$ cat query-v6.txt   # compact mmCIF, C-alpha atoms and all ligand atoms
# COMPACT_ATOMS: atom_id res chain seq x y z
CA MET A 1 0.00 0.00 0.00
CA ARG A 2 1.29 3.44 -0.75
CA ASP A 3 0.90 6.99 0.35
CA THR A 4 -1.89 6.80 2.83
CA ARG A 5 -1.89 8.58 6.14
CA LEU A 6 -3.14 6.23 8.77
CA PRO A 7 -3.51 6.85 12.46
CA SER A 8 -1.38 4.49 14.51
CA SER A 9 -4.45 2.50 15.55
CA SER A 10 -4.95 1.43 11.94
CA ARG A 11 -1.83 -0.70 12.02
CA TRP A 12 -4.22 -3.22 13.56
CA PRO A 13 -7.20 -2.74 11.29
CA TYR A 14 -9.12 -5.61 12.72
CA LEU A 15 -8.65 -4.62 16.35
CA GLY A 16 -12.16 -3.19 16.51
CA PHE A 17 -13.68 -6.33 15.08
CA ALA A 18 -11.66 -8.46 17.47
CA LEU A 19 -12.96 -6.42 20.39
CA VAL A 20 -16.53 -6.84 19.18
CA GLY A 21 -16.01 -10.58 18.97
CA LEU A 22 -14.48 -10.69 22.41
CA LEU A 23 -17.43 -8.83 23.89
CA LEU A 24 -19.92 -11.15 22.28
CA ALA A 25 -18.06 -14.14 23.62
CA TRP A 26 -17.59 -12.73 27.11
CA PRO A 27 -20.52 -10.47 28.10
CA ALA A 28 -18.99 -9.79 31.52
CA LEU A 29 -16.43 -7.58 29.80
CA ALA A 30 -19.09 -5.52 28.10
CA ASP A 31 -19.40 -3.08 30.96
CA THR A 32 -15.70 -2.40 31.38
CA LYS A 33 -14.17 0.85 30.20
CA GLN A 34 -11.86 -0.87 27.71
CA ALA A 35 -14.79 -2.43 25.90
CA GLN A 36 -16.57 0.84 25.10
CA PRO A 37 -16.60 1.91 21.49
CA PHE A 38 -13.88 4.43 20.80
CA HIS A 39 -15.04 7.86 19.68
CA ASP A 40 -12.52 9.21 17.23
CA ASP A 41 -13.98 11.25 14.37
CA ASP A 42 -16.72 12.75 16.44
CA ALA A 43 -16.38 12.46 20.19
CA ASP A 44 -19.95 13.65 20.64
CA ALA A 45 -21.51 11.36 18.03
CA PRO A 46 -24.79 10.01 19.38
CA TYR A 47 -24.13 6.67 17.68
CA LYS A 48 -21.38 4.14 18.35
CA VAL A 49 -17.98 4.84 16.85
CA TRP A 50 -15.51 1.99 17.17
CA ASN A 51 -11.75 2.48 17.11
CA THR A 52 -11.27 0.76 13.78
CA THR A 53 -9.85 2.52 10.74
CA PRO A 54 -10.05 1.32 7.12
CA ALA A 55 -6.85 0.70 5.23
CA ILE A 56 -6.67 1.86 1.61
CA THR A 57 -5.90 -1.30 -0.38
CA MET A 58 -6.04 0.33 -3.81
CA PRO A 59 -4.85 3.93 -4.17
CA PRO A 60 -6.95 6.38 -6.20
CA LEU A 61 -7.41 5.67 -9.90
CA LEU A 62 -8.69 8.50 -12.11
CA LEU A 63 -11.05 7.17 -14.77
CA ASP A 64 -13.03 8.69 -17.63
CA VAL A 65 -11.73 12.24 -17.43
CA SER A 66 -13.51 14.90 -19.50
CA GLY A 67 -13.27 18.67 -19.77
CA THR A 68 -15.52 19.13 -16.75
CA SER A 69 -15.37 15.92 -14.72
CA VAL A 70 -13.45 12.86 -13.59
CA MET A 71 -14.21 9.70 -11.63
CA VAL A 72 -12.05 8.64 -8.68
CA GLU A 73 -11.95 4.96 -7.69
CA TRP A 74 -10.20 3.37 -4.71
CA MET A 75 -10.65 0.41 -2.37
CA THR A 76 -10.56 -0.25 1.35
CA ASP A 77 -10.04 -3.43 3.35
CA GLY A 78 -13.57 -3.45 4.76
CA ASP A 79 -16.93 -1.73 4.56
CA ALA A 80 -16.70 2.04 4.48
CA ASP A 81 -18.23 5.05 2.75
CA GLY A 82 -16.33 7.10 0.16
CA SER A 83 -15.88 10.82 -0.32
CA VAL A 84 -13.45 13.11 -2.13
CA ARG A 85 -12.48 16.60 -1.00
CA TYR A 86 -11.23 18.67 -3.90
CA GLY A 87 -10.68 22.15 -5.20
CA GLU A 88 -8.46 24.28 -7.36
CA HIS A 89 -6.69 26.15 -4.56
CA ALA A 90 -7.92 24.29 -1.47
CA LEU A 91 -9.86 21.14 -0.61
CA ASP A 92 -13.01 23.22 -0.26
CA HIS A 93 -15.52 21.02 -2.13
CA THR A 94 -16.74 17.52 -1.34
CA ALA A 95 -18.19 14.82 -3.59
CA VAL A 96 -19.56 11.57 -2.21
CA ALA A 97 -20.36 8.12 -3.54
CA ALA A 98 -24.13 7.75 -3.22
CA HIS A 99 -27.11 6.24 -4.98
CA ASP A 100 -30.80 6.92 -4.50
CA GLY A 101 -30.28 9.01 -1.41
CA LEU A 102 -27.93 6.67 0.44
CA LEU A 103 -24.16 6.81 0.76
CA ASP A 104 -22.56 3.79 -0.89
CA VAL A 105 -21.07 1.35 1.62
CA GLY A 106 -18.56 -1.28 0.58
CA THR A 107 -14.92 -1.95 -0.17
CA PHE A 108 -14.90 -0.36 -3.64
CA HIS A 109 -15.44 3.39 -3.88
CA ARG A 110 -16.28 5.38 -6.98
CA VAL A 111 -16.91 9.12 -6.80
CA VAL A 112 -17.74 11.42 -9.72
CA ILE A 113 -16.36 14.94 -9.48
CA ASP A 114 -18.09 17.27 -11.92
CA GLY A 115 -18.69 20.95 -12.53
CA LEU A 116 -14.97 21.48 -13.22
CA GLU A 117 -13.31 23.90 -15.63
CA PRO A 118 -11.57 22.57 -18.78
CA GLY A 119 -7.79 22.50 -18.59
CA HIS A 120 -7.65 23.37 -14.91
CA THR A 121 -5.59 21.52 -12.32
CA TYR A 122 -7.30 20.43 -9.12
CA GLN A 123 -6.05 18.94 -5.88
CA TYR A 124 -8.03 16.13 -4.26
CA GLN A 125 -7.99 13.75 -1.34
CA VAL A 126 -10.04 10.58 -0.93
CA ALA A 127 -11.52 9.57 2.43
CA SER A 128 -13.37 6.51 3.69
CA ARG A 129 -15.04 6.11 7.04
CA ARG A 130 -15.56 2.62 8.42
CA VAL A 131 -19.08 1.22 8.68
CA VAL A 132 -18.99 -1.42 11.41
CA ALA A 133 -22.65 -2.45 11.54
CA LEU A 134 -25.20 -1.38 8.94
CA ARG A 135 -28.25 -1.54 11.17
CA PRO A 136 -31.66 -0.04 10.21
CA TYR A 137 -31.36 2.31 13.20
CA TRP A 138 -28.16 3.34 14.98
CA PRO A 139 -25.66 2.00 12.47
CA GLU A 140 -22.21 1.78 14.03
CA ARG A 141 -19.27 3.62 12.57
CA GLY A 142 -15.48 3.60 12.82
CA ASN A 143 -12.69 6.03 12.03
CA THR A 144 -11.81 7.71 8.73
CA VAL A 145 -8.78 7.05 6.57
CA GLN A 146 -7.57 9.76 4.22
CA GLY A 147 -5.37 9.41 1.16
CA GLU A 148 -2.62 11.84 0.34
CA THR A 149 -3.41 15.06 -1.52
CA LEU A 150 -2.97 14.48 -5.25
CA ARG A 151 -3.56 16.49 -8.41
CA PHE A 152 -5.22 16.01 -11.80
CA THR A 153 -5.89 18.20 -14.81
CA THR A 154 -9.12 18.11 -16.82
CA LEU A 155 -9.08 17.83 -20.60
CA ASP A 156 -9.40 21.02 -22.64
CA ALA A 157 -10.63 21.12 -26.23
CA ALA A 158 -9.17 24.61 -26.60
CA ARG A 159 -5.54 23.84 -25.80
CA PRO A 160 -3.14 23.94 -28.74
CA ALA A 161 -1.57 20.50 -28.29
CA ALA A 162 -2.45 17.12 -26.81
CA HIS A 163 -0.54 13.95 -26.08
CA PHE A 164 -1.50 10.56 -24.74
CA ALA A 165 -0.19 7.00 -24.54
CA VAL A 166 -1.91 3.71 -25.35
CA ILE A 167 -1.42 0.21 -23.96
CA THR A 168 -3.58 -2.84 -24.50
CA ASP A 169 -4.15 -6.55 -23.84
CA THR A 170 -2.31 -6.73 -20.54
CA HIS A 171 -4.22 -9.99 -19.88
CA GLU A 172 -3.62 -10.24 -16.13
CA LYS A 173 0.15 -9.89 -16.41
CA VAL A 174 0.96 -7.32 -13.72
CA SER A 175 4.65 -7.10 -14.66
CA ARG A 176 3.54 -6.03 -18.15
CA ILE A 177 1.47 -3.20 -16.69
CA HIS A 178 4.38 -2.05 -14.52
CA THR A 179 6.91 -2.18 -17.36
CA LEU A 180 4.75 -0.18 -19.77
CA LEU A 181 3.36 2.35 -17.29
CA ASP A 182 6.78 2.91 -15.68
CA GLU A 183 7.91 4.16 -19.06
CA ILE A 184 4.79 6.22 -19.66
CA ARG A 185 4.86 8.02 -16.33
CA LYS A 186 8.23 9.56 -17.20
CA THR A 187 6.36 11.79 -19.64
CA PRO A 188 3.58 14.28 -18.94
CA GLU A 189 0.76 12.51 -20.78
CA ASP A 190 -2.74 14.01 -20.71
CA PHE A 191 -4.11 10.50 -20.12
CA VAL A 192 -3.38 6.83 -20.79
CA ALA A 193 -5.78 4.70 -22.83
CA HIS A 194 -6.03 0.95 -22.16
CA LEU A 195 -7.66 -0.74 -25.15
CA GLY A 196 -9.09 -3.73 -23.30
CA ASP A 197 -8.51 -7.36 -22.41
CA THR A 198 -7.26 -6.47 -18.97
CA VAL A 199 -8.34 -9.97 -17.85
CA ASN A 200 -8.47 -13.40 -19.49
CA TRP A 201 -11.97 -13.64 -18.07
CA ALA A 202 -13.62 -11.76 -15.25
CA ALA A 203 -13.60 -13.82 -12.05
CA SER A 204 -14.14 -11.49 -9.08
CA GLU A 205 -13.57 -8.03 -7.63
CA GLN A 206 -10.38 -9.30 -6.03
CA GLN A 207 -9.08 -10.56 -9.37
CA LEU A 208 -9.94 -7.33 -11.19
CA LYS A 209 -8.21 -5.38 -8.45
CA ASP A 210 -5.11 -7.58 -8.34
CA VAL A 211 -4.46 -7.92 -12.07
CA PHE A 212 -5.59 -4.54 -13.35
CA LEU A 213 -7.04 -1.83 -11.14
CA ALA A 214 -4.48 -1.73 -8.31
CA PRO A 215 -1.27 -1.98 -10.35
CA THR A 216 -2.63 0.56 -12.83
CA ALA A 217 -3.65 2.92 -10.02
CA GLU A 218 -0.23 2.59 -8.37
CA ASP A 219 1.63 3.31 -11.59
CA LEU A 220 -0.53 6.25 -12.65
CA GLY A 221 -0.06 7.75 -9.19
CA GLY A 222 -3.55 9.16 -8.90
CA THR A 223 -2.47 11.92 -11.28
CA VAL A 224 -2.70 10.62 -14.85
CA PRO A 225 -6.27 9.66 -15.83
CA LEU A 226 -7.11 6.37 -17.53
CA LEU A 227 -9.48 6.02 -20.47
CA TYR A 228 -10.64 2.40 -20.61
CA VAL A 229 -11.87 0.61 -23.75
CA HIS A 230 -13.82 -2.65 -23.47
CA GLY A 231 -12.16 -5.83 -24.80
CA ASN A 232 -13.72 -9.14 -25.83
CA HIS A 233 -12.22 -11.02 -22.88
CA GLU A 234 -14.07 -8.74 -20.49
CA TYR A 235 -17.29 -10.31 -21.82
CA ARG A 236 -16.34 -13.64 -20.28
CA GLY A 237 -16.43 -15.15 -16.81
CA PRO A 238 -18.73 -15.13 -13.78
CA PHE A 239 -17.89 -11.50 -12.93
CA ALA A 240 -18.32 -10.09 -16.46
CA ARG A 241 -21.80 -8.79 -15.66
CA GLU A 242 -20.45 -6.77 -12.73
CA LEU A 243 -17.61 -5.01 -14.55
CA GLY A 244 -19.66 -1.95 -15.40
CA SER A 245 -19.62 -0.91 -11.74
CA TYR A 246 -15.84 -0.57 -12.04
CA LEU A 247 -15.20 0.32 -15.68
CA HIS A 248 -18.22 2.08 -17.15
CA THR A 249 -18.05 5.76 -18.00
CA GLN A 250 -19.96 8.27 -15.94
CA ASP A 251 -22.86 7.69 -18.37
CA GLY A 252 -22.87 3.96 -17.65
CA ARG A 253 -21.44 2.95 -21.02
CA TYR A 254 -18.35 1.50 -22.65
CA ASP A 255 -18.44 3.90 -25.60
CA TYR A 256 -17.86 7.63 -25.36
CA ALA A 257 -16.36 10.71 -26.99
CA ARG A 258 -13.80 13.05 -25.48
CA ASP A 259 -12.04 16.19 -26.70
CA ASP A 260 -8.45 16.95 -25.88
CA GLY A 261 -6.88 19.92 -27.65
CA PRO A 262 -6.78 19.20 -31.39
CA LEU A 263 -8.13 15.68 -30.83
CA HIS A 264 -11.69 14.44 -31.08
CA LEU A 265 -11.56 10.96 -29.54
CA VAL A 266 -14.30 8.41 -30.11
CA ALA A 267 -14.04 5.20 -28.08
CA VAL A 268 -16.06 2.21 -29.25
CA ASP A 269 -16.94 -1.14 -27.68
CA THR A 270 -16.10 -3.78 -30.31
CA GLY A 271 -17.84 -6.52 -28.31
CA GLU A 272 -17.09 -10.20 -28.74
CA ASP A 273 -15.05 -11.82 -31.49
CA LYS A 274 -17.50 -14.71 -31.94
CA PRO A 275 -21.19 -14.87 -32.92
CA ASP A 276 -23.84 -15.01 -30.22
CA ASP A 277 -24.72 -18.58 -31.18
CA THR A 278 -21.19 -19.91 -30.66
CA ASN A 279 -21.58 -23.03 -28.51
CA VAL A 280 -19.08 -22.01 -25.84
CA TYR A 281 -21.40 -19.18 -24.74
CA ALA A 282 -24.38 -21.55 -24.33
CA GLY A 283 -26.91 -18.97 -25.54
CA LEU A 284 -25.98 -16.38 -22.90
CA ASN A 285 -24.61 -13.73 -25.27
CA ASP A 286 -26.79 -11.07 -26.86
CA LEU A 287 -24.34 -8.85 -28.71
CA ARG A 288 -26.30 -8.49 -31.96
CA ASP A 289 -28.68 -5.77 -30.76
CA TYR A 290 -26.06 -4.22 -28.51
CA ARG A 291 -23.67 -3.81 -31.45
CA ARG A 292 -26.43 -2.29 -33.62
CA GLU A 293 -27.12 0.25 -30.89
CA GLY A 294 -23.36 0.84 -30.68
CA LEU A 295 -23.23 1.43 -34.42
CA ALA A 296 -25.98 4.07 -34.08
CA ARG A 297 -24.09 5.77 -31.24
CA PHE A 298 -20.87 5.64 -33.27
CA GLY A 299 -22.70 7.43 -36.08
CA GLN A 300 -24.04 10.04 -33.65
CA ALA A 301 -20.60 10.63 -32.12
CA LEU A 302 -19.08 11.09 -35.56
CA ALA A 303 -21.93 13.38 -36.66
CA ALA A 304 -21.12 15.82 -33.84
CA PRO A 305 -19.90 19.22 -35.13
CA ARG A 306 -16.62 18.63 -33.33
CA THR A 307 -15.74 15.83 -35.77
CA ARG A 308 -15.62 18.43 -38.53
CA SER A 309 -14.05 21.24 -36.53
CA ALA A 310 -11.39 19.26 -34.64
CA PRO A 311 -8.08 19.00 -36.48
CA PHE A 312 -7.99 15.21 -35.89
CA THR A 313 -10.54 12.51 -35.09
CA VAL A 314 -9.06 9.38 -33.54
CA VAL A 315 -11.09 6.22 -32.87
CA LEU A 316 -10.07 3.97 -29.98
CA GLY A 317 -11.34 0.38 -30.00
CA HIS A 318 -10.24 -3.12 -29.05
CA GLN A 319 -10.67 -5.15 -32.23
CA PRO A 320 -9.29 -3.62 -35.44
CA ASP A 321 -12.01 -5.28 -37.56
CA TRP A 322 -14.76 -3.92 -35.20
CA GLY A 323 -15.35 -7.42 -33.72
CA TRP A 324 -18.40 -9.59 -34.34
CA THR A 325 -21.19 -7.23 -35.38
CA GLY A 326 -23.77 -9.59 -36.86
CA GLY A 327 -22.75 -8.61 -40.38
CA ASP A 328 -22.36 -4.84 -39.99
CA ASN A 329 -18.54 -4.57 -40.03
CA ALA A 330 -18.45 -2.69 -43.34
CA LYS A 331 -20.99 -0.19 -41.97
CA TRP A 332 -18.61 0.71 -39.13
CA THR A 333 -15.81 1.32 -41.64
CA GLU A 334 -18.16 3.31 -43.88
CA LEU A 335 -19.23 5.59 -41.03
CA ALA A 336 -15.58 6.21 -40.15
CA ASN A 337 -14.77 6.94 -43.80
CA GLN A 338 -17.67 9.35 -44.15
CA ALA A 339 -16.53 11.23 -41.04
CA HIS A 340 -12.97 11.48 -42.37
CA VAL A 341 -11.56 9.69 -39.33
CA ASP A 342 -7.81 10.26 -39.22
CA LEU A 343 -6.68 7.21 -37.27
CA PHE A 344 -8.09 4.07 -35.61
CA ILE A 345 -5.98 2.65 -32.77
CA ALA A 346 -6.77 -0.92 -31.71
CA GLY A 347 -5.26 -3.94 -29.97
CA HIS A 348 -6.52 -7.55 -29.69
CA GLU A 349 -4.02 -9.10 -32.10
CA HIS A 350 -1.17 -9.21 -29.55
CA ARG A 351 1.21 -8.04 -32.26
CA PHE A 352 2.01 -4.82 -34.06
CA MET A 353 0.20 -4.08 -37.30
CA HIS A 354 -0.01 -0.94 -39.39
CA ILE A 355 -2.96 -1.40 -41.73
CA ARG A 356 -2.69 1.24 -44.40
CA PRO A 357 -5.59 3.10 -46.01
CA GLY A 358 -7.31 0.99 -48.65
CA GLU A 359 -6.20 -2.40 -47.32
CA ARG A 360 -9.58 -3.17 -45.69
CA GLY A 361 -11.88 -0.60 -47.26
CA ASN A 362 -10.59 1.95 -44.78
CA ASP A 363 -9.70 5.50 -45.80
CA PHE A 364 -7.66 5.93 -42.59
CA PRO A 365 -4.69 4.05 -41.13
CA ILE A 366 -5.42 1.39 -38.51
CA LEU A 367 -2.70 1.08 -35.90
CA VAL A 368 -2.74 -2.22 -33.98
CA VAL A 369 -0.70 -1.98 -30.79
CA GLY A 370 1.05 -5.15 -29.65
CA GLN A 371 0.82 -6.63 -26.18
CA ASP A 372 4.19 -5.33 -24.95
CA GLN A 373 4.14 -2.02 -26.75
CA VAL A 374 3.19 1.58 -26.15
CA ALA A 375 1.68 3.88 -28.75
CA TRP A 376 2.49 7.55 -28.20
CA VAL A 377 0.25 10.14 -29.86
CA GLU A 378 1.02 13.85 -30.10
CA ALA A 379 -1.31 16.29 -31.83
CA THR A 380 -1.04 19.90 -32.80
CA ASP A 381 -3.30 21.97 -35.01
CA THR A 382 -1.57 20.69 -38.12
CA THR A 383 0.07 17.33 -37.38
CA LEU A 384 -0.66 14.05 -35.64
CA LYS A 385 2.56 12.30 -34.70
CA VAL A 386 2.39 8.62 -33.78
CA LYS A 387 5.19 6.45 -32.43
CA VAL A 388 5.15 2.85 -31.21
CA THR A 389 7.85 1.51 -28.90
CA ASP A 390 8.40 -1.91 -27.36
CA SER A 391 8.90 -2.69 -23.66
CA ASN A 392 12.60 -1.84 -23.98
CA GLY A 393 11.82 1.55 -25.46
CA LYS A 394 12.97 0.45 -28.91
CA LEU A 395 11.18 2.15 -31.79
CA VAL A 396 8.77 -0.12 -33.68
CA ASP A 397 7.05 2.39 -35.94
CA ALA A 398 6.63 6.13 -36.36
CA PHE A 399 4.54 8.19 -38.75
CA THR A 400 3.03 11.64 -39.04
CA LEU A 401 -0.40 12.49 -40.37
CA THR A 402 -1.23 15.95 -41.61
CA ARG A 403 -4.55 17.68 -41.15
CA LYS A 404 -7.13 16.85 -43.84
CA ALA A 405 -9.73 19.14 -45.30
CA LYS A 406 -13.09 18.11 -43.81
FE FE B 501 -8.93 -9.36 -27.54
$ encode --input "query-v6.txt" --output "C-alpha cells"
Amino acid sequence: MRDTRLPSSSRWPYLGFALVGLLLAWPALADTKQAQPFHDDDADAPYKVWNTTPAITMPPLLLDVSGTSVMVEWMTDGDADGSVRYGEHALDHTAVAAHDGLLDVGTFHRVVIDGLEPGHTYQYQVASRRVVALRPYWPERGNTVQGETLRFTTLDAARPAAHFAVITDTHEKVSRIHTLLDEIRKTPEDFVAHLGDTVNWAASEQQLKDVFLAPTAEDLGGTVPLLYVHGNHEYRGPFARELGSYLHTQDGRYDYARDDGPLHLVAVDTGEDKPDDTNVYAGLNDLRDYRREGLARFGQALAAPRTRSAPFTVVLGHQPDWGWTGGDNAKWTELANQAHVDLFIAGHEHRFMHIRPGERGNDFPILVVGQDQVAWVEATDTTLKVKVTDSNGKLVDAFTLTRKAK
C-alpha cells in the first residue's frame, strides 16, 4: 500500500472487530471501560464509533476524465463510505459516492467529481469512514482514513496541443502493466488509454483489483487519468456482468467521446469476437442488438460538429475489424470513412500491425498496438505524430499524419 496517512491505531485494522467478537463471547467484559466503542472522528456522536480505521488497499485511480469531470476509484479493506475533498486552490468542495439518497457502503469506492473547468488543475484527497454495523437504526461507525493530496488536470478542447499514450491486452500480467506504465509516467501525458482485455476472463472483484485496477492505479499515481476501452475477454467469466460498476463511464457505457486539444476521440466497444450462437457461450450472449445500438451511437458521435471542426478525429477500439457485429462490419468502416476519421488505434491481435488506407476498405490508417508495446500520440493543429515503442523503449514504428480538409 502506498501513500496513505493512517492513524497508529490502523496498524491493527481488525482490532475493533476483534474487540466486538471478544465482547460477544464474554458479556462480563461488556461493561468495562476498555470495551466501550472508541469515539474518534466525532467524540460527541450520538451513535457508536468503534476504534477501527479502514486501510486503503487500492490507491486512487482517475477514470473517464472529461473537460468538466473525472471519476475517482479506490478500495478499502472493509466496509466504508467514500468521499473526495477537492478544489483548485484548497480542498473546499466535497463529492460523495451515493445512490438513491444513500451513501454507498462497501470496499470499492467510486466518486464522480463534476462541474470542473476545462484544462484546470485540481487537488483532491479521498476519504473513507468505516461502517462497522449497517443496522436499520443506529448503524455503528469507525474512524476515517484519508489518502494523500494528489492532483489532476481536466481535458481542454481549446488547448493547442495534446498527447497521450496507449497500452492494450495486458491480460492479467501485472509485470507487463508495470513495465509499460513505468515508461509512460516519465512523460507528462494528458491520459493513458487501455484498449481492453485487462483480464483473461472476469472472475471477481479481487481478481480485477489484483491484475488490473491496483497496479494501474499505483503506476498512474492518482495523477494521470485512464481512459478504458472494453475488450472481448471482459465479456467472459462469472464476474463479467459486474464489470460496469468498475469500468463504465460516468454515463454507464463502454463507448464515449472526449475532446483533448486538437483531438476528437471516439471510443467504441467492439464486443465479442464470436457470434452469439457460438456453442461455448451456451446462448448467454446477446451482442447483436447491442452492437447495432453501438453502431448508431458511433454514427451520432461522428456526426457531432466537433468531428468536422477538430483537427484530428481518432477512434479507440479493441478489435481492429470492429469485432463480431452480426454482419455490420463494413458499416462501421463506412461511417468512419464518411466522417474522415484520421486514425483508428486498436489492440486484440497481440502483435504490431499498421494497416494502411485501402487495405480493408478503410480511408484511414489502422494502428494495432502489440501486447508489450506503447503507442504515443502527439497532436497539434496541423500534425498528428504517432510512435510505437516496445517494452525496452525500442522504436517499432513512427509516422506523421497531416490535417485533412473536412
Ligand atoms: Fe482481444
$ closest_residue --input "query-v6.txt" --among "A:Pro136, A:Pro46, A:Pro225, A:Gly261" --to "Pro60 in chain A" --atoms "all atoms listed in the file"
A:Pro225
$ closest_atom_pairs --input "query-v6.txt" --of "chain A" --to "ligand FE 501 (chain B)" --cutoff "6 Å" --atoms "all atoms listed in the file" --output "Markdown table"
| residue | atom | partner | partner_atom | distance |
| --- | --- | --- | --- | --- |
| A:Asp197 | CA | B:FE501 | FE | 5.5 |
| A:Gly231 | CA | B:FE501 | FE | 5.5 |
| A:Asn232 | CA | B:FE501 | FE | 5.1 |
| A:His233 | CA | B:FE501 | FE | 5.9 |
| A:His348 | CA | B:FE501 | FE | 3.7 |
$ atom_distance --input "query-v6.txt" --atom1 "CA of Gln319 in chain A" --atom2 "CA of Asp182 in chain A"
25.4 Å
$ closest_residue --input "query-v6.txt" --among "A:Leu395, A:Val174, A:Val341, A:Val388" --to "Phe298 in chain A" --atoms "only C-alpha atoms"
A:Val341
$ atom_distance --input "query-v6.txt" --atom1 "CA of Thr383 in chain A" --atom2 "CA of Phe364 in chain A"
14.7 Å
$ closest_residue --input "query-v6.txt" --among "A:Leu180, A:Met58, A:Ala296, A:Leu265" --to "Glu205 in chain A" --atoms "only C-alpha atoms"
A:Met58
$ closest_residue --input "query-v6.txt" --among "A:Leu295, A:His350, A:Glu359, A:Val49" --to "Pro139 in chain A" --atoms "only C-alpha atoms"
A:Val49
$ closest_residue --input "query-v6.txt" --among "A:Gly370, A:Gly317, A:Pro160, A:Gly78" --to "Pro262 in chain A" --atoms "all atoms listed in the file"
A:Pro160
$ residues_near_point --input "query-v6.txt" --point "(-4.8, 11.9, -14.6)" --cutoff "9 Å" --atoms "all atoms listed in the file" --output "mmCIF file with C-alpha atoms, keeping the file's coordinate frame"
data_model
loop_
_atom_site.group_PDB
_atom_site.id
_atom_site.type_symbol
_atom_site.label_atom_id
_atom_site.label_comp_id
_atom_site.auth_asym_id
_atom_site.auth_seq_id
_atom_site.Cartn_x
_atom_site.Cartn_y
_atom_site.Cartn_z
ATOM 1 C CA LEU A 61 -7.410 5.670 -9.900
ATOM 2 C CA LEU A 62 -8.690 8.500 -12.110
ATOM 3 C CA LEU A 63 -11.050 7.170 -14.770
ATOM 4 C CA VAL A 65 -11.730 12.240 -17.430
ATOM 5 C CA VAL A 70 -13.450 12.860 -13.590
ATOM 6 C CA ARG A 151 -3.560 16.490 -8.410
ATOM 7 C CA PHE A 152 -5.220 16.010 -11.800
ATOM 8 C CA THR A 153 -5.890 18.200 -14.810
ATOM 9 C CA THR A 154 -9.120 18.110 -16.820
ATOM 10 C CA GLU A 189 0.760 12.510 -20.780
ATOM 11 C CA ASP A 190 -2.740 14.010 -20.710
ATOM 12 C CA PHE A 191 -4.110 10.500 -20.120
ATOM 13 C CA VAL A 192 -3.380 6.830 -20.790
ATOM 14 C CA LEU A 220 -0.530 6.250 -12.650
ATOM 15 C CA GLY A 221 -0.060 7.750 -9.190
ATOM 16 C CA GLY A 222 -3.550 9.160 -8.900
ATOM 17 C CA THR A 223 -2.470 11.920 -11.280
ATOM 18 C CA VAL A 224 -2.700 10.620 -14.850
ATOM 19 C CA PRO A 225 -6.270 9.660 -15.830
ATOM 20 C CA LEU A 226 -7.110 6.370 -17.530
#
$ closest_atom_pairs --input "query-v6.txt" --of "range 194-233 of chain A" --to "range 106-110 of chain A" --cutoff "12 Å" --atoms "all atoms listed in the file" --output "Markdown table"
| residue | atom | partner | partner_atom | distance |
| --- | --- | --- | --- | --- |
| A:Glu205 | CA | A:Phe108 | CA | 8.7 |
| A:Gln206 | CA | A:Phe108 | CA | 10.3 |
| A:Leu208 | CA | A:Phe108 | CA | 11.4 |
| A:Lys209 | CA | A:Phe108 | CA | 9.6 |
| A:Leu213 | CA | A:Phe108 | CA | 11.0 |
| A:Ala214 | CA | A:Phe108 | CA | 11.5 |
$ closest_residue --input "query-v6.txt" --among "A:His318, A:Lys173, A:Arg241, A:Lys387" --to "Tyr228 in chain A" --atoms "all atoms listed in the file"
A:His318
$ atom_distance --input "query-v6.txt" --atom1 "CA of Asp219 in chain A" --atom2 "CA of Ser391 in chain A"
15.3 Å
